[in-house]
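entry-v1.cif follows; it contains mmCIF, C-alpha atoms.
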```
data_model
#
loop_
_atom_site.label_atom_id
_atom_site.label_comp_id
_atom_site.auth_asym_id
_atom_site.auth_seq_id
_atom_site.Cartn_x
_atom_site.Cartn_y
_atom_site.Cartn_z
CA MET A 1 0.00 0.00 0.00
CA ASP A 2 1.28 3.43 -0.98
CA THR A 3 0.31 6.13 1.48
CA HIS A 4 -0.01 9.83 0.95
CA GLN A 5 -0.75 12.09 3.87
CA ASP A 6 -4.34 12.61 2.79
CA VAL A 7 -5.06 9.78 0.32
CA LEU A 8 -4.48 6.05 0.76
CA VAL A 9 -3.66 4.29 -2.50
CA GLU A 10 -3.71 0.52 -2.34
CA ARG A 11 -4.16 -2.55 -4.48
CA THR A 12 -6.33 -5.41 -3.22
CA GLY A 13 -6.26 -8.27 -5.69
CA SER A 14 -7.34 -6.80 -8.99
CA THR A 15 -9.03 -3.77 -7.41
CA GLY A 16 -7.35 -0.40 -7.05
CA ARG A 17 -8.67 1.33 -3.96
CA LEU A 18 -8.57 5.04 -3.19
CA THR A 19 -9.42 6.24 0.30
CA LEU A 20 -9.78 9.96 0.94
CA ASN A 21 -8.03 10.23 4.28
CA ARG A 22 -8.79 13.46 6.10
CA PRO A 23 -11.58 12.24 8.40
CA ARG A 24 -11.27 15.12 10.86
CA ALA A 25 -11.92 17.51 7.94
CA LEU A 26 -14.63 15.27 6.49
CA ASN A 27 -12.12 14.28 3.80
CA SER A 28 -12.24 17.74 2.24
CA LEU A 29 -10.08 18.00 -0.85
CA THR A 30 -6.75 19.70 -1.34
CA ARG A 31 -4.90 20.10 -4.62
CA GLY A 32 -2.37 17.50 -3.48
CA MET A 33 -5.14 14.97 -2.88
CA LEU A 34 -6.54 15.54 -6.35
CA GLU A 35 -3.10 15.11 -7.89
CA THR A 36 -2.59 11.85 -5.99
CA VAL A 37 -5.96 10.49 -7.16
CA ARG A 38 -5.20 11.51 -10.74
CA ALA A 39 -1.79 9.84 -10.71
CA ALA A 40 -3.26 6.59 -9.36
CA LEU A 41 -6.07 6.55 -11.93
CA ASP A 42 -3.66 7.23 -14.79
CA THR A 43 -1.41 4.39 -13.61
CA TRP A 44 -4.24 1.90 -13.12
CA ALA A 45 -5.76 2.70 -16.50
CA GLU A 46 -2.64 1.20 -18.09
CA ASP A 47 -2.29 -1.70 -15.63
CA ASP A 48 -3.83 -4.93 -16.96
CA GLY A 49 -3.76 -6.33 -13.44
CA ILE A 50 -6.30 -3.75 -12.24
CA THR A 51 -9.87 -4.51 -13.32
CA ALA A 52 -11.82 -2.02 -11.18
CA VAL A 53 -11.37 1.05 -8.99
CA LEU A 54 -13.09 1.66 -5.65
CA LEU A 55 -13.40 5.12 -4.06
CA THR A 56 -14.17 5.42 -0.34
CA GLY A 57 -13.76 7.93 2.47
CA ALA A 58 -12.00 7.43 5.80
CA GLY A 59 -13.97 7.72 9.01
CA ASP A 60 -17.66 7.19 9.59
CA ARG A 61 -19.08 10.59 8.62
CA GLY A 62 -18.95 10.54 4.86
CA LEU A 63 -17.09 10.23 1.58
CA CYS A 64 -16.13 13.88 1.17
CA ALA A 65 -17.56 17.26 2.17
CA GLY A 66 -16.04 18.98 -0.89
CA ALA A 67 -13.06 21.24 -1.37
CA ASP A 68 -11.13 22.73 1.51
CA ILE A 69 -13.10 25.96 1.43
CA ARG A 70 -11.06 27.64 4.15
CA ALA A 71 -8.09 27.39 1.82
CA ILE A 72 -10.18 28.75 -1.05
CA HIS A 73 -11.33 31.62 1.18
CA ASP A 74 -7.78 32.55 2.11
CA ASP A 75 -6.59 32.28 -1.48
CA ALA A 76 -9.49 34.34 -2.86
CA LYS A 77 -8.53 37.17 -0.51
CA LEU A 78 -5.11 37.14 -2.21
CA GLY A 79 -6.48 37.21 -5.76
CA GLY A 80 -7.50 33.60 -6.44
CA ALA A 81 -4.45 32.24 -8.27
CA GLY A 82 -4.40 29.14 -6.06
CA GLY A 83 -8.10 28.57 -6.60
CA ARG A 84 -7.71 28.71 -10.36
CA ALA A 85 -4.84 26.20 -10.14
CA PHE A 86 -7.02 23.95 -7.95
CA PHE A 87 -9.86 24.00 -10.47
CA ARG A 88 -7.46 23.24 -13.32
CA VAL A 89 -6.58 20.00 -11.54
CA GLU A 90 -10.05 19.18 -10.21
CA TYR A 91 -12.24 19.63 -13.28
CA PRO A 92 -10.14 17.48 -15.66
CA LEU A 93 -10.16 14.79 -12.95
CA ASN A 94 -13.97 14.95 -12.80
CA GLU A 95 -14.06 14.48 -16.56
CA LEU A 96 -11.65 11.54 -16.38
CA VAL A 97 -13.89 9.83 -13.82
CA SER A 98 -16.81 10.06 -16.26
CA ARG A 99 -14.95 8.21 -19.02
CA TYR A 100 -12.63 6.00 -17.00
CA PRO A 101 -11.83 2.88 -19.05
CA LYS A 102 -12.40 0.46 -16.16
CA PRO A 103 -15.33 0.09 -13.77
CA TYR A 104 -15.10 2.88 -11.20
CA LEU A 105 -17.21 2.30 -8.08
CA ALA A 106 -17.83 5.16 -5.66
CA LEU A 107 -19.29 4.63 -2.18
CA MET A 108 -21.33 7.76 -1.45
CA ASP A 109 -21.95 6.75 2.15
CA GLY A 110 -22.63 9.62 4.54
CA ILE A 111 -21.88 13.21 3.57
CA THR A 112 -21.04 13.54 -0.14
CA MET A 113 -21.03 17.15 -1.24
CA GLY A 114 -19.44 19.50 -3.74
CA GLY A 115 -16.06 18.15 -4.77
CA GLY A 116 -17.03 14.78 -3.31
CA VAL A 117 -19.86 14.64 -5.84
CA GLY A 118 -17.36 15.46 -8.57
CA LEU A 119 -15.25 12.41 -7.69
CA SER A 120 -18.23 10.07 -7.32
CA ALA A 121 -21.40 11.03 -9.15
CA HIS A 122 -19.78 10.88 -12.61
CA ALA A 123 -18.58 7.33 -11.95
CA ALA A 124 -19.81 4.22 -13.76
CA LEU A 125 -21.29 2.81 -10.55
CA ARG A 126 -22.46 4.92 -7.59
CA VAL A 127 -23.68 3.47 -4.30
CA VAL A 128 -25.72 5.29 -1.65
CA THR A 129 -26.85 4.15 1.78
CA GLU A 130 -29.42 5.25 4.36
CA ARG A 131 -26.71 7.55 5.74
CA SER A 132 -26.09 9.34 2.43
CA ALA A 133 -26.50 13.11 2.37
CA VAL A 134 -25.74 14.27 -1.18
CA ALA A 135 -25.64 17.96 -2.06
CA MET A 136 -24.26 20.69 -4.22
CA PRO A 137 -24.12 23.30 -1.42
CA GLU A 138 -22.24 26.03 -3.27
CA THR A 139 -24.90 28.74 -3.07
CA ARG A 140 -24.61 28.57 0.73
CA ILE A 141 -21.10 30.04 0.47
CA GLY A 142 -21.44 32.50 -2.39
CA LEU A 143 -20.44 30.10 -5.14
CA VAL A 144 -22.16 28.24 -8.01
CA PRO A 145 -22.51 24.45 -8.46
CA ASP A 146 -19.39 23.11 -10.17
CA VAL A 147 -17.41 19.83 -10.60
CA GLY A 148 -19.92 18.90 -13.31
CA GLY A 149 -22.74 19.28 -10.82
CA SER A 150 -24.53 21.78 -13.01
CA ARG A 151 -24.86 19.07 -15.68
CA LEU A 152 -26.22 16.52 -13.22
CA LEU A 153 -28.67 19.08 -11.88
CA ALA A 154 -29.72 20.20 -15.35
CA LEU A 155 -30.48 16.61 -16.36
CA ALA A 156 -32.47 15.76 -13.20
CA PRO A 157 -36.21 15.13 -13.69
CA GLY A 158 -38.35 18.20 -14.24
CA GLU A 159 -37.12 21.19 -12.26
CA LEU A 160 -35.72 19.23 -9.31
CA GLY A 161 -32.18 20.16 -10.27
CA THR A 162 -33.06 23.85 -10.31
CA HIS A 163 -34.56 23.55 -6.85
CA ILE A 164 -31.58 21.63 -5.48
CA GLY A 165 -29.02 23.91 -7.12
CA LEU A 166 -30.57 27.19 -5.99
CA THR A 167 -31.51 26.18 -2.44
CA ALA A 168 -28.49 23.89 -1.87
CA ALA A 169 -30.93 21.22 -0.70
CA THR A 170 -29.54 17.92 0.58
CA MET A 171 -30.65 14.74 -1.17
CA THR A 172 -31.44 11.51 0.64
CA ALA A 173 -30.45 8.19 -0.91
CA GLY A 174 -33.85 7.96 -2.58
CA ASP A 175 -33.54 11.50 -3.92
CA ALA A 176 -30.03 10.85 -5.26
CA LEU A 177 -31.22 7.77 -7.14
CA TYR A 178 -34.28 9.54 -8.52
CA CYS A 179 -32.28 12.60 -9.60
CA GLY A 180 -29.58 10.60 -11.39
CA PHE A 181 -26.75 11.04 -8.87
CA ALA A 182 -26.58 7.35 -7.86
CA ASP A 183 -27.24 3.83 -9.17
CA HIS A 184 -27.58 1.39 -6.25
CA TYR A 185 -28.88 1.52 -2.70
CA LEU A 186 -27.19 -0.62 -0.07
CA PRO A 187 -27.84 -0.57 3.66
CA SER A 188 -24.66 0.53 5.43
CA SER A 189 -24.59 -2.84 7.17
CA ALA A 190 -23.76 -4.41 3.79
CA LEU A 191 -20.68 -2.26 3.17
CA PRO A 192 -18.21 -4.57 4.97
CA SER A 193 -19.26 -7.40 2.64
CA LEU A 194 -18.82 -5.12 -0.36
CA LEU A 195 -15.40 -3.94 0.77
CA ALA A 196 -14.25 -7.51 1.39
CA ALA A 197 -15.44 -8.81 -1.97
CA ALA A 198 -12.91 -9.85 -4.61
CA ASP A 199 -15.19 -8.25 -7.21
CA PRO A 200 -16.77 -5.16 -5.62
CA VAL A 201 -18.67 -4.26 -8.78
CA ALA A 202 -20.50 -7.59 -8.84
CA ALA A 203 -20.95 -7.41 -5.07
CA ALA A 204 -22.61 -3.98 -5.30
CA ALA A 205 -25.21 -5.31 -7.71
CA ALA A 206 -25.77 -8.46 -5.66
CA LEU A 207 -26.15 -6.61 -2.36
CA ALA A 208 -28.35 -3.80 -3.70
CA GLU A 209 -31.80 -3.36 -2.23
CA ALA A 210 -34.86 -1.28 -3.03
CA ALA A 211 -34.20 2.29 -1.98
CA PRO A 212 -36.44 4.38 0.25
CA ALA A 213 -38.82 6.58 -1.72
CA SER A 214 -37.61 9.99 -2.88
CA GLU A 215 -39.07 12.82 -0.85
CA LEU A 216 -38.35 15.27 -3.66
CA ALA A 217 -40.18 13.12 -6.22
CA ALA A 218 -43.33 13.44 -4.15
CA GLN A 219 -43.07 17.23 -4.41
CA ARG A 220 -42.60 17.42 -8.17
CA GLU A 221 -45.87 19.25 -8.83
CA TRP A 222 -45.07 22.47 -7.01
CA ILE A 223 -41.33 22.27 -7.68
CA ASP A 224 -41.79 21.87 -11.43
CA HIS A 225 -44.29 24.72 -11.57
CA CYS A 226 -42.31 27.19 -9.46
CA TYR A 227 -38.83 26.58 -10.85
CA ALA A 228 -39.89 26.59 -14.49
CA ALA A 229 -39.92 30.39 -14.26
CA ASP A 230 -37.33 32.32 -16.24
CA THR A 231 -35.97 34.48 -13.40
CA VAL A 232 -35.13 34.04 -9.74
CA GLU A 233 -37.59 36.82 -8.91
CA GLU A 234 -40.44 34.98 -10.61
CA ILE A 235 -39.43 31.71 -8.95
CA LEU A 236 -39.75 33.46 -5.59
CA ASP A 237 -43.15 34.88 -6.53
CA ARG A 238 -44.41 31.43 -7.52
CA LEU A 239 -43.04 29.82 -4.36
CA ARG A 240 -44.82 32.37 -2.18
CA ALA A 241 -48.07 32.03 -4.13
CA THR A 242 -48.43 28.28 -3.64
CA GLY A 243 -49.35 28.58 0.02
CA LEU A 244 -47.45 25.36 0.71
CA PRO A 245 -45.14 25.28 3.74
CA GLU A 246 -42.45 23.43 1.74
CA ALA A 247 -42.51 26.14 -0.92
CA LYS A 248 -42.45 28.89 1.70
CA ASP A 249 -39.36 27.26 3.25
CA ALA A 250 -37.71 27.10 -0.18
CA ALA A 251 -38.39 30.83 -0.68
CA GLU A 252 -36.80 31.58 2.68
CA GLN A 253 -33.79 29.49 1.71
CA LEU A 254 -33.36 31.51 -1.48
CA LEU A 255 -33.65 34.83 0.34
CA GLY A 256 -30.64 33.91 2.45
CA LYS A 257 -28.40 33.22 -0.55
CA SER A 258 -26.21 35.58 -2.58
CA PRO A 259 -28.45 37.37 -5.11
CA THR A 260 -25.63 37.38 -7.64
CA MET A 261 -24.86 33.69 -7.28
CA LEU A 262 -28.56 32.75 -7.45
CA LYS A 263 -28.86 34.49 -10.81
CA VAL A 264 -25.61 33.01 -12.10
CA THR A 265 -26.65 29.54 -10.93
CA LEU A 266 -29.99 29.75 -12.71
CA ALA A 267 -28.27 30.92 -15.91
CA ALA A 268 -25.66 28.15 -15.62
CA LEU A 269 -28.28 25.42 -15.16
CA ARG A 270 -30.35 26.65 -18.10
CA ARG A 271 -27.26 26.80 -20.33
CA ALA A 272 -26.08 23.37 -19.14
CA ARG A 273 -29.23 21.78 -20.55
CA ASP A 274 -28.02 22.69 -24.02
CA LEU A 275 -24.37 21.74 -23.60
CA PRO A 276 -23.50 18.45 -25.34
CA THR A 277 -21.02 16.91 -22.89
CA LEU A 278 -19.71 16.96 -19.35
CA ALA A 279 -16.45 18.40 -20.73
CA ALA A 280 -18.31 21.38 -22.18
CA THR A 281 -20.13 21.88 -18.89
CA LEU A 282 -16.88 21.82 -16.94
CA ASP A 283 -15.45 24.42 -19.30
CA GLN A 284 -18.42 26.65 -18.51
CA GLU A 285 -18.05 25.99 -14.79
CA TYR A 286 -14.38 26.92 -14.93
CA ARG A 287 -15.28 30.33 -16.34
CA ILE A 288 -17.88 30.82 -13.62
CA SER A 289 -15.61 29.66 -10.80
CA CYS A 290 -12.75 31.90 -11.90
CA ALA A 291 -15.11 34.88 -11.89
CA ALA A 292 -16.46 33.88 -8.48
CA LEU A 293 -12.94 33.95 -7.04
CA THR A 294 -12.85 37.69 -7.74
CA HIS A 295 -16.37 38.44 -6.47
CA PRO A 296 -16.77 39.61 -2.86
CA ASP A 297 -19.64 37.20 -2.12
CA LEU A 298 -17.40 34.12 -2.16
CA VAL A 299 -15.10 35.38 0.59
CA GLU A 300 -18.08 36.74 2.51
CA GLY A 301 -20.10 33.55 2.18
CA ILE A 302 -17.28 31.34 3.45
CA ARG A 303 -16.57 33.82 6.23
CA ALA A 304 -20.17 33.68 7.44
CA GLN A 305 -20.61 29.92 7.18
CA VAL A 306 -17.19 28.50 8.01
CA VAL A 307 -14.74 31.08 9.38
CA ASP A 308 -16.74 33.27 11.78
CA LYS A 309 -19.84 31.03 11.65
CA ASP A 310 -22.19 33.92 12.37
CA ARG A 311 -24.50 32.75 9.54
CA ASP A 312 -25.08 36.40 8.65
CA PRO A 313 -23.50 37.07 5.25
CA ARG A 314 -23.59 40.60 3.90
CA TRP A 315 -23.98 40.07 0.18
CA ASN A 316 -22.86 42.70 -2.33
CA PRO A 317 -25.18 43.60 -3.94
CA ALA A 318 -27.76 42.71 -1.33
CA ALA A 319 -30.90 42.45 -3.48
CA LEU A 320 -31.86 40.57 -6.63
CA ASP A 321 -33.02 43.74 -8.42
CA GLN A 322 -29.53 45.17 -7.97
CA VAL A 323 -27.93 42.36 -10.03
CA ALA A 324 -27.92 43.43 -13.68
CA ALA A 325 -27.77 41.18 -16.72
CA GLU A 326 -24.22 42.32 -17.44
CA ASP A 327 -23.21 41.31 -13.90
CA VAL A 328 -24.34 37.77 -14.67
CA ALA A 329 -22.82 37.75 -18.16
CA ARG A 330 -19.30 38.42 -16.88
CA PHE A 331 -19.30 35.03 -15.13
CA PHE A 332 -19.47 33.36 -18.55
CA ALA A 333 -16.62 35.36 -20.08
CA VAL A 334 -13.18 33.89 -20.79
CA PRO A 335 -11.12 34.27 -17.58
CA GLU A 336 -7.72 35.83 -17.28
CA GLY A 337 -5.25 33.12 -18.22
CA GLY A 338 -7.58 31.50 -20.73
CA ASP A 339 -10.18 28.75 -20.80
CA LEU A 340 -9.87 25.25 -19.44
CA GLY A 341 -10.43 23.77 -22.90
CA LEU A 342 -11.67 20.30 -21.95
CA ALA A 343 -14.17 20.23 -24.81
CA GLY A 344 -11.43 20.91 -27.34
#
```
Target encoding structure tokens, full file:
Amino acid sequence: MDTHQDVLVERTGSTGRLTLNRPRALNSLTRGMLETVRAALDTWAEDDGITAVLLTGAGDRGLCAGADIRAIHDDAKLGGAGGRAFFRVEYPLNELVSRYPKPYLALMDGITMGGGVGLSAHAALRVVTERSAVAMPETRIGLVPDVGGSRLLALAPGELGTHIGLTAATMTAGDALYCGFADHYLPSSALPSLLAAADPVAAAAALAEAAPASELAAQREWIDHCYAADTVEEILDRLRATGLPEAKDAAEQLLGKSPTMLKVTLAALRRARDLPTLAATLDQEYRISCAALTHPDLVEGIRAQVVDKDRDPRWNPAALDQVAAEDVARFFAVPEGGDLGLAG
């Protein structure tokens, strides 16, 4: 077994196993971790002795809570060069996962959010359990869904992806399966058998059970109606008009988010529906993320949620009607230093 400080890389029979190994930080991702995962995947792709790859997280809380956002916060205050370098490693890795030449099995047990979704939800085989909490929580911190998440959200049934992306809602196992983020449901009690199996891919299929029903699927009627609107303002109006407590809660969730990032997220999700590939979506997300690194709401959002934890972000601008179309358009412009270019 080869060990890296934050990633365990090992070979068990014909299975290459990657364990994200920062349990005290909920396995949040650093650039070094991404580079280690990439190197292992590149090596195993050419190794005839490896027939499958298994991704897991250390500890009992989850696969991965996403990127190390404290580091992104500190870097953004200095201009964002480190963040751009991080994304230039992360997004190509997300794309590689989606087209990996060997079965890639991701265990999305427990918390799987943001960058953790990028390493798992594009895989050939994705397993959730009753403990799974899957989310693209970027709007909570003044960012926009990335790591290919905007494509997954855009392709979810009806307007569920718009709801999840704007509110940063957390999906249960049933929701993740219904929305296209996962393939199999296993009770967590079955994971030791899966991890001990000589063929984890076959074991995942054999151990799979019927998943609990999706709570979001049961709310499709009001979600599809409200989030089909063309603007965030109209979405809010529709949510308030339903009279449903779930819709009222969604409206309150939106009102706490960055007005700028809500409008950029809606534009990104609508555009992602028309993009032909994950690579093209990641190129778009790279433009958006680079622009976000220079916007004050990212630093402020992370400050409020993670650094000071006062949960009282002061967004700039503070209201939706103060975010102009040109403010949104600049997030889709070619960033300084050029595009990512994954789509060629």
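Interatomic distance, CA of Ser289 in chain A to CA of Gly83 in chain A: 8.7 Å.
What separates CA of Ala213 in chain A from CA of Leu195 in chain A is a distance of 25.8 Å.
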Problem set entry | Expected selection from the PyMOL selection byres ((chain A and resi 5) around 10), given as number ranges by chain | A: 3-4, 6-8, 20-22, 32-33
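Distances from A:Ile164, A:Ala211, A:Leu34, A:Ala325 to His184 in chain A were compared using all atoms listed in the file, and the smallest one belongs to A:Ala211.
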Problem set entry | Selection result of the PyMOL selection byres ((chain A and resi 319) around 12) on this file, as a VMD selection string | chain A and resid 232 to 233 254 to 263 314 to 318 320 to 324
Exercise. Selected by the PyMOL selection byres ((chain A and resi 177-182) around 10) in the shown coordinates: which residues, as number ranges by chain?
Worked result: A: 106-108, 117, 120-128, 134-135, 149, 152-158, 160-161, 164, 171-176, 183-185, 211-217
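The shortest atom-to-atom distance to Gly49 in chain A, with all atoms listed in the file taken into account, belongs to A:Gly13 out of A:Thr139, A:Val37, A:Gly13, A:Thr242.
With distances restricted to all atoms listed in the file, A:Leu293 is the closest residue to Ala76 in chain A from A:Val334, A:Ala205, A:Val328, A:Leu293.
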Exercise. If you count all atoms listed in the file, which residues fall within 9 Å of Ala343 in chain A, apart from same-chain ones fewer than 3 positions away, as a VMD selection string?
Worked result: chain A and resid 277 to 283 340
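CA of Ala65 in chain A is found 20.8 Å from CA of Ile288 in chain A.
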Seminar exercise, completed: Min atom-atom distance to Thr51 in chain A from the set A:Leu93, A:Leu78, A:Ala198, A:Cys64, counting all atoms listed in the file, belongs to A:Ala198
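Nearest to Ile141 in chain A of all the residues A:Leu166, A:Ile111, A:Leu239, A:Val89 is A:Leu166, based on all atoms listed in the file.
Minimum atom-to-atom distances from A:Asp310, A:Asp48, A:Asp230, A:Glu285 to Leu266 in chain A were compared using only C-alpha atoms, and the lowest value belongs to A:Asp230.
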Exercise. Neighbours of Val299 in chain A within 7 Å (all atoms listed in the file; same-chain residues fewer than 4 positions away dropped), as a PyMOL selection string?
Worked result: chain A and resi 73+76-77+303
For this session: Find the residues near Tyr227 in chain A: any atom within 7 Å, counting only C-alpha atoms, skip ones fewer than 2 places away on the same chain, and give them as a ChimeraX atom specification.
Result: /A:159,162-163,223-225,229,235
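Around the coordinate (-25.5, -0.7, 4.1), residues that reach within 9 Å when counting all atoms listed in the file are Asp109, Val128, Thr129, Glu130, Arg131, Tyr185, Leu186, Pro187, Ser188, Ser189, Ala190, Leu191, Pro192, Leu207 and Ala208 of chain A.
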For the residues selected in the previous step, produce a file with C-alpha atoms as a compact mmCIF listing (two decimals), keeping the file's coordinate frame.
```txt
# COMPACT_ATOMS: atom_id res chain seq x y z
CA ASP A 109 -21.95 6.75 2.15
CA VAL A 128 -25.72 5.29 -1.65
CA THR A 129 -26.85 4.15 1.78
CA GLU A 130 -29.42 5.25 4.36
CA ARG A 131 -26.71 7.55 5.74
CA TYR A 185 -28.88 1.52 -2.70
CA LEU A 186 -27.19 -0.62 -0.07
CA PRO A 187 -27.84 -0.57 3.66
CA SER A 188 -24.66 0.53 5.43
CA SER A 189 -24.59 -2.84 7.17
CA ALA A 190 -23.76 -4.41 3.79
CA LEU A 191 -20.68 -2.26 3.17
CA PRO A 192 -18.21 -4.57 4.97
CA LEU A 207 -26.15 -6.61 -2.36
CA ALA A 208 -28.35 -3.80 -3.70
```
Wanna dump the range 142-258 of chain A-range 15-19 of chain A contacts at 12 Å for me, each residue with its shortest atom pair and the distance in Å to one decimal, counting only C-alpha atoms, ordered by chain and number, as CSV?
```
residue,atom,partner,partner_atom,distance
A:Leu195,CA,A:Arg17,CA,9.8
A:Ala196,CA,A:Thr15,CA,10.9
A:Ala197,CA,A:Thr15,CA,9.8
A:Ala198,CA,A:Thr15,CA,7.7
A:Asp199,CA,A:Thr15,CA,7.6
A:Pro200,CA,A:Thr15,CA,8.1
A:Val201,CA,A:Thr15,CA,9.7
```
For this session: Please provide the set of residues having any atom within 10 Å of Leu96 in chain A, restricted to all atoms listed in the file, with same-chain residues fewer than 3 positions apart removed, written as a ChimeraX atom specification.
Result: /A:38,41-42,90-93,99-101,119,122-123,279
Exercise. Which polymer residues have any atom within 12 Å of an atom of Val306 in chain A, counting only C-alpha atoms, with same-chain residues fewer than 6 positions away left out, as a ChimeraX atom specification?
Worked result: /A:68-74,140-142,298-300,312-313
Incomplete range 319-326 of chain A brought to all heavy atoms, written out as an mmCIF file, in the coordinates of the input:
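Produced file rebuild-v6.cif, reproduced below:
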```cif
data_model
loop_
_atom_site.group_PDB
_atom_site.id
_atom_site.type_symbol
_atom_site.label_atom_id
_atom_site.label_comp_id
_atom_site.auth_asym_id
_atom_site.auth_seq_id
_atom_site.Cartn_x
_atom_site.Cartn_y
_atom_site.Cartn_z
ATOM 1 N N ALA A 319 -29.551 42.753 -2.990
ATOM 2 C CA ALA A 319 -30.900 42.450 -3.480
ATOM 3 C C ALA A 319 -30.860 41.975 -4.927
ATOM 4 O O ALA A 319 -29.985 42.372 -5.707
ATOM 5 C CB ALA A 319 -31.791 43.683 -3.350
ATOM 6 N N LEU A 320 -31.808 41.124 -5.277
ATOM 7 C CA LEU A 320 -31.860 40.570 -6.630
ATOM 8 C C LEU A 320 -32.008 41.671 -7.688
ATOM 9 O O LEU A 320 -31.386 41.579 -8.761
ATOM 10 C CB LEU A 320 -33.035 39.591 -6.742
ATOM 11 C CG LEU A 320 -32.859 38.249 -6.040
ATOM 12 C CD1 LEU A 320 -34.197 37.539 -5.902
ATOM 13 C CD2 LEU A 320 -31.864 37.377 -6.803
ATOM 14 N N ASP A 321 -32.803 42.698 -7.404
ATOM 15 C CA ASP A 321 -33.020 43.740 -8.420
ATOM 16 C C ASP A 321 -31.802 44.619 -8.625
ATOM 17 O O ASP A 321 -31.779 45.462 -9.528
ATOM 18 C CB ASP A 321 -34.256 44.582 -8.081
ATOM 19 C CG ASP A 321 -34.154 45.320 -6.754
ATOM 20 O OD1 ASP A 321 -33.073 45.305 -6.125
ATOM 21 O OD2 ASP A 321 -35.169 45.910 -6.328
ATOM 22 N N GLN A 322 -30.765 44.422 -7.794
ATOM 23 C CA GLN A 322 -29.530 45.170 -7.970
ATOM 24 C C GLN A 322 -28.497 44.407 -8.810
ATOM 25 O O GLN A 322 -27.420 44.925 -9.083
ATOM 26 C CB GLN A 322 -28.926 45.493 -6.596
ATOM 27 C CG GLN A 322 -29.792 46.408 -5.750
ATOM 28 C CD GLN A 322 -29.265 46.565 -4.337
ATOM 29 O OE1 GLN A 322 -28.490 45.746 -3.850
ATOM 30 N NE2 GLN A 322 -29.686 47.632 -3.659
ATOM 31 N N VAL A 323 -28.838 43.169 -9.208
ATOM 32 C CA VAL A 323 -27.930 42.360 -10.030
ATOM 33 C C VAL A 323 -28.376 42.488 -11.484
ATOM 34 O O VAL A 323 -29.436 41.990 -11.884
ATOM 35 C CB VAL A 323 -27.965 40.882 -9.602
ATOM 36 C CG1 VAL A 323 -26.987 40.071 -10.439
ATOM 37 C CG2 VAL A 323 -27.649 40.742 -8.121
ATOM 38 N N ALA A 324 -27.573 43.170 -12.277
ATOM 39 C CA ALA A 324 -27.920 43.430 -13.680
ATOM 40 C C ALA A 324 -27.518 42.265 -14.570
ATOM 41 O O ALA A 324 -26.692 41.426 -14.196
ATOM 42 C CB ALA A 324 -27.228 44.706 -14.147
ATOM 43 N N ALA A 325 -28.078 42.246 -15.767
ATOM 44 C CA ALA A 325 -27.770 41.180 -16.720
ATOM 45 C C ALA A 325 -26.285 41.133 -17.040
ATOM 46 O O ALA A 325 -25.695 40.048 -17.184
ATOM 47 C CB ALA A 325 -28.587 41.371 -17.997
ATOM 48 N N GLU A 326 -25.656 42.301 -17.129
ATOM 49 C CA GLU A 326 -24.220 42.320 -17.440
ATOM 50 C C GLU A 326 -23.387 41.779 -16.271
ATOM 51 O O GLU A 326 -22.285 41.254 -16.478
ATOM 52 C CB GLU A 326 -23.759 43.732 -17.806
ATOM 53 C CG GLU A 326 -24.079 44.808 -16.806
ATOM 54 C CD GLU A 326 -25.398 45.525 -17.098
ATOM 55 O OE1 GLU A 326 -26.318 44.908 -17.669
ATOM 56 O OE2 GLU A 326 -25.489 46.731 -16.747
#
```
